[in-house]
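Quick look at coords_9.txt (compact mmCIF, C-alpha atoms):
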# COMPACT_ATOMS: atom_id res chain seq x y z
CA MET A 1331 140.58 104.35 52.16
CA ALA A 1332 137.07 104.07 53.59
CA GLU A 1333 135.97 106.86 55.88
CA ASN A 1334 135.44 106.08 59.54
CA ARG A 1335 131.78 105.83 60.52
CA ALA A 1336 130.62 108.56 62.89
CA VAL A 1337 130.01 107.41 66.43
CA THR A 1338 126.28 107.45 67.15
CA PRO A 1339 124.44 107.86 70.46
CA HIS A 1340 123.61 104.16 70.15
CA ASP A 1341 127.34 103.34 69.95
CA GLU A 1342 128.13 105.57 72.94
CA PHE A 1343 125.43 103.93 75.03
CA ILE A 1344 126.66 100.40 74.30
CA ALA A 1345 130.24 101.48 75.05
CA ALA A 1346 129.07 102.91 78.39
CA PHE A 1347 127.34 99.60 79.14
CA ASP A 1348 130.56 97.71 78.35
CA ARG A 1349 132.60 100.02 80.64
CA ALA A 1350 130.11 99.66 83.49
CA ILE A 1351 130.33 95.88 83.24
CA ALA A 1352 134.12 95.90 83.06
CA ASP A 1353 134.44 98.37 85.95
CA ARG A 1354 131.75 96.58 88.00
CA THR A 1355 129.91 99.90 88.42
CA LEU A 1356 126.63 98.92 86.74
CA GLY A 1357 123.61 99.38 88.99
CA SER A 1358 120.86 98.56 86.51
CA LEU A 1359 119.71 99.07 82.94
CA VAL A 1360 116.05 99.45 82.00
CA LEU A 1361 114.64 99.03 78.50
CA SER A 1362 111.17 100.49 77.96
CA LYS A 1363 108.75 101.83 75.33
CA SER A 1364 108.32 98.74 73.20
CA ARG A 1365 108.36 99.31 69.45
CA HIS A 1366 105.80 96.52 68.97
CA ALA A 1367 102.45 97.45 70.49
CA ALA A 1368 100.90 94.08 69.64
CA GLY A 1369 102.94 92.20 72.25
CA ASP A 1370 102.48 92.29 76.03
CA LEU A 1371 106.18 92.72 76.89
CA GLN A 1372 106.39 96.03 78.76
CA SER A 1373 110.03 96.40 79.82
CA VAL A 1374 113.25 94.55 80.53
CA ARG A 1375 115.39 95.27 83.59
CA ILE A 1376 119.04 94.16 83.64
CA ARG A 1377 121.26 94.08 86.73
CA PRO A 1378 124.46 92.28 87.77
CA ILE A 1379 124.38 89.35 90.16
CA GLU A 1380 126.89 86.84 91.44
CA LEU A 1381 125.88 83.24 90.91
CA ARG A 1382 128.03 80.39 92.20
CA GLY A 1383 131.04 82.69 92.34
CA GLU A 1384 130.66 84.02 88.78
CA THR A 1385 129.29 87.32 87.47
CA ARG A 1386 126.00 87.05 85.62
CA LEU A 1387 123.49 89.59 84.33
CA SER A 1388 119.91 89.03 85.44
CA PHE A 1389 117.25 89.95 82.83
CA VAL A 1390 113.72 90.43 84.17
CA TRP A 1391 111.22 90.43 81.28
CA ARG A 1392 108.11 92.28 82.51
CA HIS A 1393 104.96 91.13 80.73
CA ALA A 1394 101.43 92.34 81.38
CA THR A 1395 100.62 89.43 83.71
CA ARG A 1396 103.94 87.77 84.53
CA ASP A 1397 107.67 88.28 84.95
CA VAL A 1398 110.30 86.03 83.34
CA THR A 1399 113.87 86.00 84.72
CA LYS A 1400 116.93 84.83 82.80
CA ASN A 1401 120.51 84.91 84.14
CA LEU A 1402 123.09 85.21 81.34
CA ASP A 1403 126.88 85.27 81.20
CA PRO A 1404 128.35 88.68 80.18
CA ASP A 1405 128.88 87.80 76.50
CA ALA A 1406 125.39 86.37 76.03
CA ALA A 1407 123.94 89.27 78.01
CA ARG A 1408 125.61 91.84 75.76
CA SER A 1409 124.27 90.14 72.63
CA ALA A 1410 120.76 90.00 74.10
CA PHE A 1411 120.93 93.65 75.17
CA VAL A 1412 122.12 94.87 71.75
CA ALA A 1413 119.37 92.85 70.04
CA LEU A 1414 116.73 94.49 72.23
CA LEU A 1415 117.78 97.91 70.86
CA ASP A 1416 117.65 96.76 67.21
CA PRO A 1417 114.53 98.19 65.49
CA GLU A 1418 114.64 95.36 62.94
CA ARG A 1419 114.13 92.73 65.63
CA GLU A 1420 111.17 91.80 67.77
CA PRO A 1421 110.95 92.50 70.63
CA SER A 1422 112.84 95.79 70.71
CA PHE A 1423 112.66 99.01 72.70
CA ALA A 1424 112.99 102.73 71.92
CA HIS A 1425 114.13 103.87 75.39
CA ALA A 1426 117.04 102.64 77.50
CA THR A 1427 118.27 104.03 80.84
CA LEU A 1428 121.59 103.02 82.35
CA HIS A 1429 122.33 103.61 86.04
CA ALA A 1430 126.00 103.40 87.04
CA ALA A 1431 127.99 104.58 90.04
CA ASP A 1432 128.58 108.14 88.85
CA VAL A 1433 126.44 108.63 85.76
CA GLU A 1434 123.00 108.08 84.31
CA LEU A 1435 122.53 107.74 80.57
CA GLN A 1436 119.26 107.76 78.65
CA LEU A 1437 119.15 106.61 75.03
CA ARG A 1438 116.03 107.48 73.06
CA PHE A 1439 114.90 106.66 69.53
CA SER A 1440 112.19 108.74 67.87
CA LYS A 1441 109.54 107.15 65.64
CA LYS A 1442 111.62 108.28 62.65
CA GLY A 1443 114.73 106.61 64.04
CA LYS A 1444 116.52 109.72 65.30
CA GLN A 1445 118.80 108.96 68.25
CA ALA A 1446 119.39 111.10 71.33
CA LEU A 1447 121.63 110.52 74.34
CA VAL A 1448 121.06 112.36 77.63
CA ARG A 1449 123.81 112.21 80.24
CA THR A 1450 123.35 113.28 83.87
CA GLY A 1451 125.54 112.91 86.92
CA ARG A 1452 124.28 111.01 89.94
CA PRO A 1453 123.26 113.21 92.90
CA ALA A 1454 125.98 113.52 95.52
CA ASP A 1455 123.84 111.86 98.18
CA ALA A 1456 122.46 109.14 95.95
CA ALA A 1457 123.33 105.59 96.84
CA PRO A 1458 126.25 104.19 94.82
CA ALA A 1459 125.60 101.35 92.42
CA PRO A 1460 125.37 98.17 94.49
CA PRO A 1461 127.86 95.37 94.00
CA ALA A 1462 126.75 92.28 92.16
CA GLU A 1463 124.33 90.35 94.32
CA ALA A 1464 125.40 86.95 95.55
CA HIS A 1465 122.20 85.01 94.87
CA ASP A 1466 123.47 81.82 96.40
CA ARG A 1467 125.08 83.33 99.53
CA VAL A 1468 123.73 86.67 100.74
CA LYS A 1469 120.14 87.86 100.48
CA ARG A 1470 119.65 91.33 99.01
CA ARG A 1471 118.14 93.97 101.27
CA ALA A 1472 116.49 96.98 99.68
CA LEU A 1473 117.41 99.16 102.67
CA PRO A 1474 120.01 98.76 105.43
CA LEU A 1475 118.97 97.91 108.97
CA GLU A 1476 121.27 100.64 110.33
CA LEU A 1477 118.82 103.43 109.42
CA PRO A 1478 117.90 105.24 112.67
CA PHE A 1479 114.13 105.24 112.21
CA TRP A 1480 113.97 101.42 112.26
CA LEU A 1481 114.84 101.56 115.96
CA ASP A 1482 112.03 104.05 116.68
CA LEU A 1483 109.57 101.85 114.79
CA GLY A 1484 110.63 98.68 116.58
CA ILE A 1485 112.10 96.92 113.52
CA THR A 1486 115.62 96.76 115.01
CA ASP A 1487 117.19 96.75 118.47
CA GLU A 1488 119.83 99.16 119.79
CA ARG A 1489 122.55 97.24 117.94
CA HIS A 1490 120.67 97.55 114.63
CA ARG A 1491 119.78 93.88 114.56
CA LEU A 1492 116.42 92.79 113.17
CA VAL A 1493 113.98 92.03 115.98
CA PRO A 1494 112.97 88.37 115.42
CA SER A 1495 109.26 89.07 115.75
CA MET A 1496 109.55 91.67 112.94
CA ALA A 1497 111.07 89.27 110.39
CA ARG A 1498 107.80 88.87 108.48
CA LYS A 1499 107.20 92.61 108.46
CA TRP A 1500 110.73 93.16 107.15
CA LYS A 1501 110.11 90.71 104.31
CA GLN A 1502 106.92 92.56 103.39
CA ILE A 1503 108.80 95.89 103.35
CA ASP A 1504 111.50 94.45 101.11
CA LYS A 1505 108.93 92.96 98.70
CA PHE A 1506 106.88 96.14 98.59
CA LEU A 1507 109.90 98.20 97.53
CA GLU A 1508 110.56 95.68 94.78
CA VAL A 1509 106.97 96.14 93.54
CA LEU A 1510 107.34 99.93 93.64
CA GLU A 1511 110.66 99.79 91.80
CA HIS A 1512 109.14 97.80 88.92
CA ALA A 1513 106.10 100.09 88.79
CA LEU A 1514 108.27 103.20 88.44
CA ASP A 1515 110.14 101.50 85.61
CA ASP A 1516 106.86 100.53 83.93
CA VAL A 1517 105.60 104.13 83.80
CA GLY A 1518 109.03 105.33 82.61
CA TRP A 1519 109.70 107.61 85.55
CA ALA A 1520 112.76 109.70 84.64
CA GLU A 1521 115.66 109.26 87.04
CA ALA A 1522 116.90 112.79 86.27
CA GLY A 1523 113.58 114.39 87.21
CA PRO A 1524 111.96 115.00 90.59
CA PRO A 1525 110.91 111.99 92.67
CA PRO A 1526 107.23 111.00 92.61
CA ARG A 1527 104.84 112.42 95.20
CA VAL A 1528 103.45 109.63 97.37
CA VAL A 1529 100.44 109.37 99.69
CA ASP A 1530 100.06 106.29 101.90
CA PHE A 1531 96.52 105.95 103.30
CA GLY A 1532 96.02 104.01 106.51
CA CYS A 1533 99.78 103.97 107.06
CA GLY A 1534 99.57 102.73 110.67
CA LYS A 1535 102.98 102.84 112.31
CA GLY A 1536 104.56 103.98 109.06
CA TYR A 1537 106.83 101.03 108.27
CA LEU A 1538 106.22 101.21 104.53
CA THR A 1539 105.93 105.01 104.50
CA PHE A 1540 109.43 105.44 105.94
CA ALA A 1541 110.78 102.73 103.63
CA VAL A 1542 109.28 104.35 100.52
CA HIS A 1543 110.69 107.76 101.47
CA GLU A 1544 114.18 106.37 102.02
CA TYR A 1545 114.06 104.30 98.83
CA LEU A 1546 113.05 107.35 96.76
CA ARG A 1547 115.72 109.50 98.44
CA ARG A 1548 118.38 106.98 97.52
CA ARG A 1549 117.12 106.53 93.97
CA PHE A 1550 116.36 110.16 93.09
CA GLY A 1551 118.18 112.25 95.70
CA GLY A 1552 116.73 115.37 97.31
CA ALA A 1553 113.76 115.35 99.67
CA PRO A 1554 110.94 113.18 98.28
CA GLU A 1555 107.43 114.35 99.17
CA VAL A 1556 105.83 111.42 101.00
CA THR A 1557 102.73 111.73 103.19
CA GLY A 1558 101.39 109.11 105.56
CA VAL A 1559 97.69 109.40 106.47
CA GLU A 1560 96.48 107.70 109.66
CA LEU A 1561 93.42 108.12 111.90
CA ARG A 1562 95.15 107.30 115.21
CA ALA A 1563 96.69 110.48 116.63
CA ASP A 1564 99.25 108.62 118.77
CA LEU A 1565 100.73 106.88 115.73
CA VAL A 1566 100.82 110.15 113.76
CA ALA A 1567 102.77 111.79 116.61
CA LEU A 1568 105.15 108.82 116.91
CA CYS A 1569 105.91 108.80 113.19
CA ASN A 1570 106.42 112.56 112.91
CA ALA A 1571 108.81 112.47 115.86
CA ALA A 1572 110.78 109.60 114.32
CA ALA A 1573 110.95 111.42 110.96
CA THR A 1574 112.26 114.57 112.67
CA ARG A 1575 114.94 112.69 114.60
CA ALA A 1576 116.09 110.88 111.45
CA HIS A 1577 116.10 114.12 109.39
CA CYS A 1578 113.70 112.63 106.80
CA GLU A 1579 113.10 115.81 104.81
CA GLY A 1580 109.86 115.75 102.82
CA LEU A 1581 108.30 112.99 104.94
CA HIS A 1582 105.36 113.90 107.15
CA PHE A 1583 102.29 112.29 108.69
CA VAL A 1584 98.79 113.71 109.05
CA GLN A 1585 95.74 112.58 110.97
CA GLY A 1586 92.84 111.66 108.71
CA ASP A 1587 91.45 109.09 106.30
CA LEU A 1588 90.00 108.83 102.81
CA ARG A 1589 87.03 111.02 103.77
CA SER A 1590 88.97 113.85 105.38
CA PHE A 1591 92.26 114.04 103.47
CA THR A 1592 92.27 114.69 99.73
CA PRO A 1593 95.67 115.45 98.16
CA GLU A 1594 95.71 118.04 95.41
CA ALA A 1595 98.08 115.96 93.31
CA VAL A 1596 99.74 112.60 93.82
CA ASP A 1597 101.90 110.39 91.63
CA VAL A 1598 101.78 107.19 93.71
CA MET A 1599 98.73 106.29 95.80
CA ILE A 1600 99.11 103.50 98.37
CA ALA A 1601 96.22 101.97 100.34
CA LEU A 1602 96.92 98.69 102.09
CA HIS A 1603 94.21 96.67 103.81
CA ALA A 1604 91.43 99.24 103.36
CA CYS A 1605 88.29 97.37 104.43
CA ASP A 1606 85.62 96.43 101.86
CA THR A 1607 84.60 99.39 99.66
CA ALA A 1608 87.24 101.66 101.26
CA THR A 1609 89.61 100.10 98.71
CA ASP A 1610 87.32 101.33 95.92
CA HIS A 1611 87.22 104.85 97.38
CA ALA A 1612 91.03 104.83 97.67
CA LEU A 1613 91.45 103.79 94.04
CA ASP A 1614 88.94 106.42 92.93
CA LEU A 1615 90.75 109.09 94.95
CA GLY A 1616 94.03 108.12 93.30
CA LEU A 1617 92.42 108.38 89.87
CA ARG A 1618 90.97 111.81 90.69
CA ALA A 1619 94.37 113.00 91.93
CA GLY A 1620 96.04 111.97 88.68
CA ALA A 1621 98.23 109.20 90.14
CA ARG A 1622 100.37 107.31 87.66
CA ILE A 1623 100.72 104.36 90.05
CA LEU A 1624 98.01 102.87 92.29
CA ILE A 1625 98.91 100.19 94.85
CA ALA A 1626 96.19 98.60 96.97
CA ALA A 1627 95.99 95.51 99.17
CA PRO A 1628 92.22 94.83 99.43
CA CYS A 1629 90.58 93.46 102.54
CA CYS A 1630 87.14 92.27 103.77
CA HIS A 1631 85.23 91.72 100.51
CA LYS A 1632 81.64 92.24 101.68
CA GLU A 1633 79.92 94.23 98.93
CA LEU A 1634 79.34 91.60 96.22
CA ARG A 1635 78.65 88.49 98.29
CA PRO A 1636 74.94 89.32 98.95
CA GLN A 1637 74.46 90.07 95.24
CA LEU A 1638 75.90 86.80 93.94
CA THR A 1639 73.47 84.46 92.23
CA SER A 1640 74.40 80.85 91.59
CA PRO A 1641 74.77 80.03 87.91
CA LYS A 1642 73.41 76.51 87.52
CA ALA A 1643 76.78 74.97 86.69
CA LEU A 1644 78.36 76.53 89.81
CA ALA A 1645 75.57 75.77 92.29
CA PRO A 1646 77.38 72.73 93.80
CA LEU A 1647 80.38 74.94 94.58
CA PHE A 1648 78.41 77.84 96.03
CA ARG A 1649 76.59 75.46 98.34
CA HIS A 1650 79.62 75.81 100.62
CA GLY A 1651 79.94 79.21 102.27
CA ILE A 1652 83.74 79.30 102.09
CA HIS A 1653 83.59 78.93 98.31
CA LEU A 1654 81.04 81.71 98.03
CA GLY A 1655 83.33 84.01 99.99
CA GLN A 1656 86.34 83.12 97.86
CA GLU A 1657 84.34 83.67 94.68
CA ALA A 1658 83.14 87.07 95.91
CA GLU A 1659 86.73 88.06 96.68
CA MET A 1660 88.00 86.97 93.27
CA LEU A 1661 85.13 88.66 91.45
CA THR A 1662 85.47 91.92 93.41
CA ASP A 1663 89.15 92.33 92.65
CA GLY A 1664 88.69 91.18 89.05
CA LEU A 1665 86.05 93.87 88.47
CA ARG A 1666 88.29 96.45 90.14
CA ALA A 1667 91.12 95.56 87.77
CA LEU A 1668 88.80 95.82 84.76
CA ALA A 1669 87.51 99.21 85.94
CA LEU A 1670 91.10 100.45 86.19
CA GLU A 1671 91.91 99.12 82.71
CA ALA A 1672 88.81 100.87 81.37
CA SER A 1673 90.20 104.07 82.93
CA GLY A 1674 93.50 103.93 81.03
CA TYR A 1675 95.65 101.81 83.37
CA GLN A 1676 97.44 98.50 83.13
CA ALA A 1677 96.21 96.48 86.12
CA LYS A 1678 97.58 93.38 87.81
CA VAL A 1679 96.21 91.32 90.70
CA PHE A 1680 98.86 89.10 92.24
CA GLU A 1681 100.18 87.46 95.40
CA PHE A 1682 102.21 90.03 97.31
CA VAL A 1683 104.10 87.71 99.65
CA SER A 1684 103.53 84.04 100.44
CA LEU A 1685 100.80 82.98 102.85
CA GLU A 1686 103.38 81.93 105.43
CA HIS A 1687 104.14 85.63 106.00
CA THR A 1688 100.61 87.11 105.95
CA SER A 1689 97.09 85.92 105.13
CA LYS A 1690 96.34 89.31 103.53
CA ASN A 1691 98.64 88.73 100.61
CA LYS A 1692 96.74 89.97 97.54
CA MET A 1693 97.74 93.19 95.82
CA ILE A 1694 96.25 95.30 93.04
CA LEU A 1695 98.85 97.27 91.07
CA ALA A 1696 97.77 99.72 88.37
CA THR A 1697 100.14 101.78 86.22
CA ARG A 1698 98.89 104.40 83.80
CA ARG A 1699 99.27 103.32 80.20
CA ARG A 1700 101.12 105.49 77.76
CA GLY A 1701 99.67 106.23 74.32
CA ASP A 1702 96.26 105.40 72.89
CA SER A 1703 94.44 102.77 74.96
CA GLY A 1704 90.92 103.05 73.57
CA ASP A 1705 90.67 99.43 72.39
CA THR A 1706 91.92 98.09 75.72
CA ALA A 1707 89.51 100.30 77.66
CA ARG A 1708 86.52 99.18 75.58
CA ARG A 1709 87.52 95.53 75.91
CA ALA A 1710 87.83 95.84 79.71
CA ALA A 1711 84.43 97.55 80.01
CA ALA A 1712 82.75 94.84 77.93
CA GLU A 1713 84.38 92.05 79.97
CA ALA A 1714 83.20 93.67 83.21
CA GLU A 1715 79.60 93.82 81.95
CA SER A 1716 79.77 90.17 80.89
CA LEU A 1717 81.02 89.08 84.32
CA LYS A 1718 78.36 91.08 86.13
CA ALA A 1719 75.62 89.56 83.96
CA PHE A 1720 76.91 86.03 84.58
CA TYR A 1721 76.93 86.43 88.36
CA GLY A 1722 73.88 88.70 88.63
CA ILE A 1723 75.92 91.62 90.01
CA ARG A 1724 73.92 94.84 90.05
CA GLU A 1725 76.57 97.26 91.30
CA GLN A 1726 80.25 97.44 92.17
CA CYS A 1727 81.50 100.44 94.13
CA LEU A 1728 84.48 101.51 92.01
CA GLU A 1729 82.44 101.29 88.81
CA ARG A 1730 79.70 103.36 90.40
CA LEU A 1731 82.15 106.04 91.59
CA LEU A 1732 83.69 106.29 88.13
CA ARG A 1733 80.28 106.39 86.46
CA GLU A 1734 79.02 109.14 88.78
CA ARG A 1735 82.16 111.19 88.29
CA GLY A 1736 81.86 110.81 84.52
CA ALA A 1737 78.23 111.93 84.61
CA ALA A 1738 79.09 114.92 86.79
CA SER A 1739 81.85 116.02 84.43
CA ARG A 1740 79.41 116.01 81.50
CA GLU A 1741 76.90 118.25 83.25

Here is the file; what I need is its structure written in the form of structure tokens.
Amino acid sequence: MAENRAVTPHDEFIAAFDRAIADRTLGSLVLSKSRHAAGDLQSVRIRPIELRGETRLSFVWRHATRDVTKNLDPDAARSAFVALLDPEREPSFAHATLHAADVELQLRFSKKGKQALVRTGRPADAAPAPPAEAHDRVKRRALPLELPFWLDLGITDERHRLVPSMARKWKQIDKFLEVLEHALDDVGWAEAGPPPRVVDFGCGKGYLTFAVHEYLRRRFGGAPEVTGVELRADLVALCNAAATRAHCEGLHFVQGDLRSFTPEAVDVMIALHACDTATDHALDLGLRAGARILIAAPCCHKELRPQLTSPKALAPLFRHGIHLGQEAEMLTDGLRALALEASGYQAKVFEFVSLEHTSKNKMILATRRRGDSGDTARRAAAEAESLKAFYGIREQCLERLLRERGAASRE
């Protein structure tokens, strides 16, 4: 009689996935650390949804410059998931993290193929795994409207209903948390570890700052360390009072800006709508503080426009001032992304929310790359120099800040 094969960590993980599907307790499953460095697929996130009355599993394939979503029935989803863990297939991943109602499992494969399974219980105050989302009936909300600080901030009324004039702001909050969620997955932030430390520069009335703190509390438990930085003293006082009333431990607001407040260490740096080169100074500050995630929404692109020369082929376009402004904006943010890639990050520039919700809808997201990135950094630096030569650009602020800091460190 043949001997029974020993149960491996891989087998245990797949069995846990099957149980979570059967019990409807699956929150999400994230596959990361691709075994094939040549491709641009970074991670795959799997979560249950309800589509036309039937359970489906939504796969979000996160590439360097795009996301691809596929909704599969449970049998097809299981086959696709198992294939993504197979080292003989491409693509495949060496890390997998399963989030269920009462447990978190992490499956890891070493370069030599050794398997390890880490099991942790969910914190007592962590949010339970959400039910499957009804895509065709009810829109998902990242956070509930019943949270007390929404009333203080003017998002809801006394009956916890969304104030109609805040509908666009609410959509931006929801989308921002989705961006942050994917970024944390991209850098492989461990669910069992401490939550990331966050600084939000120019936080204004603190809508996103409160939302980020609550999202991290629900995902990681404990008291996430989140700091909102704002110049206007009245808004700082309002936000601190609201945080105290809502018992938001770890959340606080300080008066200052990029010139006066420098965090000793930060994991996530946020700077939305910093005017002109203030965006460059914010990104540089995040780099100096060792942030693994940088999120910026640039605004007022003034620095490069006076430097732009008109390549002969583009002269008919640049004859119109609006086109010159649009070109300066595109070039500025393109050079920023290349500077970040040259500094060891994966950078994306994308539309945050549609123009119907806000005209300031561009976002720069940078996540620190893992492993050797020398070739990528050299390629990005060369592409930046080529662009600057083509347009006659003499200087770009973020590049200059990085160059000066590099020179200072060599002295």

Atomic separation - atom CA of Ile1503 of chain A relative to atom CA of Leu1565 of chain A, Å: 18.4 Å

Take the point (77.2, 95.9, 83.7) as written in the file and pick out every residue within 12 Å of it, counting all atoms listed in the file; give the list as a PDB file with C-alpha atoms, in the frame of the given file.
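And here's result18.pdb as it stands now:
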ATOM      1  CA  LEU A1665      86.050  93.870  88.470  1.00  0.00           C
ATOM      2  CA  LEU A1668      88.800  95.820  84.760  1.00  0.00           C
ATOM      3  CA  ALA A1669      87.510  99.210  85.940  1.00  0.00           C
ATOM      4  CA  ALA A1710      87.830  95.840  79.710  1.00  0.00           C
ATOM      5  CA  ALA A1711      84.430  97.550  80.010  1.00  0.00           C
ATOM      6  CA  ALA A1712      82.750  94.840  77.930  1.00  0.00           C
ATOM      7  CA  GLU A1713      84.380  92.050  79.970  1.00  0.00           C
ATOM      8  CA  ALA A1714      83.200  93.670  83.210  1.00  0.00           C
ATOM      9  CA  GLU A1715      79.600  93.820  81.950  1.00  0.00           C
ATOM     10  CA  SER A1716      79.770  90.170  80.890  1.00  0.00           C
ATOM     11  CA  LEU A1717      81.020  89.080  84.320  1.00  0.00           C
ATOM     12  CA  LYS A1718      78.360  91.080  86.130  1.00  0.00           C
ATOM     13  CA  ALA A1719      75.620  89.560  83.960  1.00  0.00           C
ATOM     14  CA  PHE A1720      76.910  86.030  84.580  1.00  0.00           C
ATOM     15  CA  TYR A1721      76.930  86.430  88.360  1.00  0.00           C
ATOM     16  CA  GLY A1722      73.880  88.700  88.630  1.00  0.00           C
ATOM     17  CA  ILE A1723      75.920  91.620  90.010  1.00  0.00           C
ATOM     18  CA  ARG A1724      73.920  94.840  90.050  1.00  0.00           C
ATOM     19  CA  GLU A1725      76.570  97.260  91.300  1.00  0.00           C
ATOM     20  CA  GLN A1726      80.250  97.440  92.170  1.00  0.00           C
ATOM     21  CA  GLU A1729      82.440 101.290  88.810  1.00  0.00           C
ATOM     22  CA  ARG A1730      79.700 103.360  90.400  1.00  0.00           C
ATOM     23  CA  ARG A1733      80.280 106.390  86.460  1.00  0.00           C
TER      24      ARG A1733
END

Segment 1355-1358 of chain A environment, 6 Å, only C-alpha atoms, sequence neighbours closer than 2 positions dropped, as a VMD selection string: chain A and resid 1350 to 1351 1353 1376 to 1377 1429 to 1431 1459 to 1460

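Atom CA of Lys1692 of chain A sits 12.6 Å away from atom CA of Lys1505 of chain A.
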
Point-to-point distance from atom CA of Asp1587 of chain A to atom CA of Ile1485 of chain A, Å rounded to tenths: 25.0 Å

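Compared by their closest atoms to Leu1481 of chain A, and using only C-alpha atoms, the residues A:Glu1560, A:Tyr1537, A:His1582, A:Arg1365 rank with A:Tyr1537 nearest.
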
Around the point (123.1, 92.5, 75.0), in the coordinates given by the file, pick out the residues reaching within 12 Å, counting all atoms listed in the file, and return them as a PDB file with C-alpha atoms, in the frame of the given file.
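Output saved as out09.pdb:
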ATOM      1  CA  PHE A1343     125.430 103.930  75.030  1.00  0.00           C
ATOM      2  CA  ILE A1344     126.660 100.400  74.300  1.00  0.00           C
ATOM      3  CA  ALA A1345     130.240 101.480  75.050  1.00  0.00           C
ATOM      4  CA  PHE A1347     127.340  99.600  79.140  1.00  0.00           C
ATOM      5  CA  ASP A1348     130.560  97.710  78.350  1.00  0.00           C
ATOM      6  CA  ILE A1351     130.330  95.880  83.240  1.00  0.00           C
ATOM      7  CA  LEU A1359     119.710  99.070  82.940  1.00  0.00           C
ATOM      8  CA  LEU A1361     114.640  99.030  78.500  1.00  0.00           C
ATOM      9  CA  VAL A1374     113.250  94.550  80.530  1.00  0.00           C
ATOM     10  CA  ARG A1375     115.390  95.270  83.590  1.00  0.00           C
ATOM     11  CA  ILE A1376     119.040  94.160  83.640  1.00  0.00           C
ATOM     12  CA  ARG A1377     121.260  94.080  86.730  1.00  0.00           C
ATOM     13  CA  LEU A1387     123.490  89.590  84.330  1.00  0.00           C
ATOM     14  CA  SER A1388     119.910  89.030  85.440  1.00  0.00           C
ATOM     15  CA  PHE A1389     117.250  89.950  82.830  1.00  0.00           C
ATOM     16  CA  LEU A1402     123.090  85.210  81.340  1.00  0.00           C
ATOM     17  CA  ASP A1403     126.880  85.270  81.200  1.00  0.00           C
ATOM     18  CA  PRO A1404     128.350  88.680  80.180  1.00  0.00           C
ATOM     19  CA  ASP A1405     128.880  87.800  76.500  1.00  0.00           C
ATOM     20  CA  ALA A1406     125.390  86.370  76.030  1.00  0.00           C
ATOM     21  CA  ALA A1407     123.940  89.270  78.010  1.00  0.00           C
ATOM     22  CA  ARG A1408     125.610  91.840  75.760  1.00  0.00           C
ATOM     23  CA  SER A1409     124.270  90.140  72.630  1.00  0.00           C
ATOM     24  CA  ALA A1410     120.760  90.000  74.100  1.00  0.00           C
ATOM     25  CA  PHE A1411     120.930  93.650  75.170  1.00  0.00           C
ATOM     26  CA  VAL A1412     122.120  94.870  71.750  1.00  0.00           C
ATOM     27  CA  ALA A1413     119.370  92.850  70.040  1.00  0.00           C
ATOM     28  CA  LEU A1414     116.730  94.490  72.230  1.00  0.00           C
ATOM     29  CA  LEU A1415     117.780  97.910  70.860  1.00  0.00           C
ATOM     30  CA  ASP A1416     117.650  96.760  67.210  1.00  0.00           C
ATOM     31  CA  SER A1422     112.840  95.790  70.710  1.00  0.00           C
TER      32      SER A1422
END

Counting only C-alpha atoms, the option among A:Glu1671, A:Leu1731, A:Leu1695, A:Glu1555 closest to Leu1615 of chain A: A:Leu1731

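The closest residue to Glu1659 of chain A, picked from A:Arg1354, A:Gly1704, A:Ala1612, A:Asp1606 and counting only C-alpha atoms, is A:Asp1606.
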
Which residue of A:Ala1643, A:Val1559, A:Ala1601, A:Cys1569 approaches Pro1628 of chain A most closely, using all atoms listed in the file: A:Ala1601
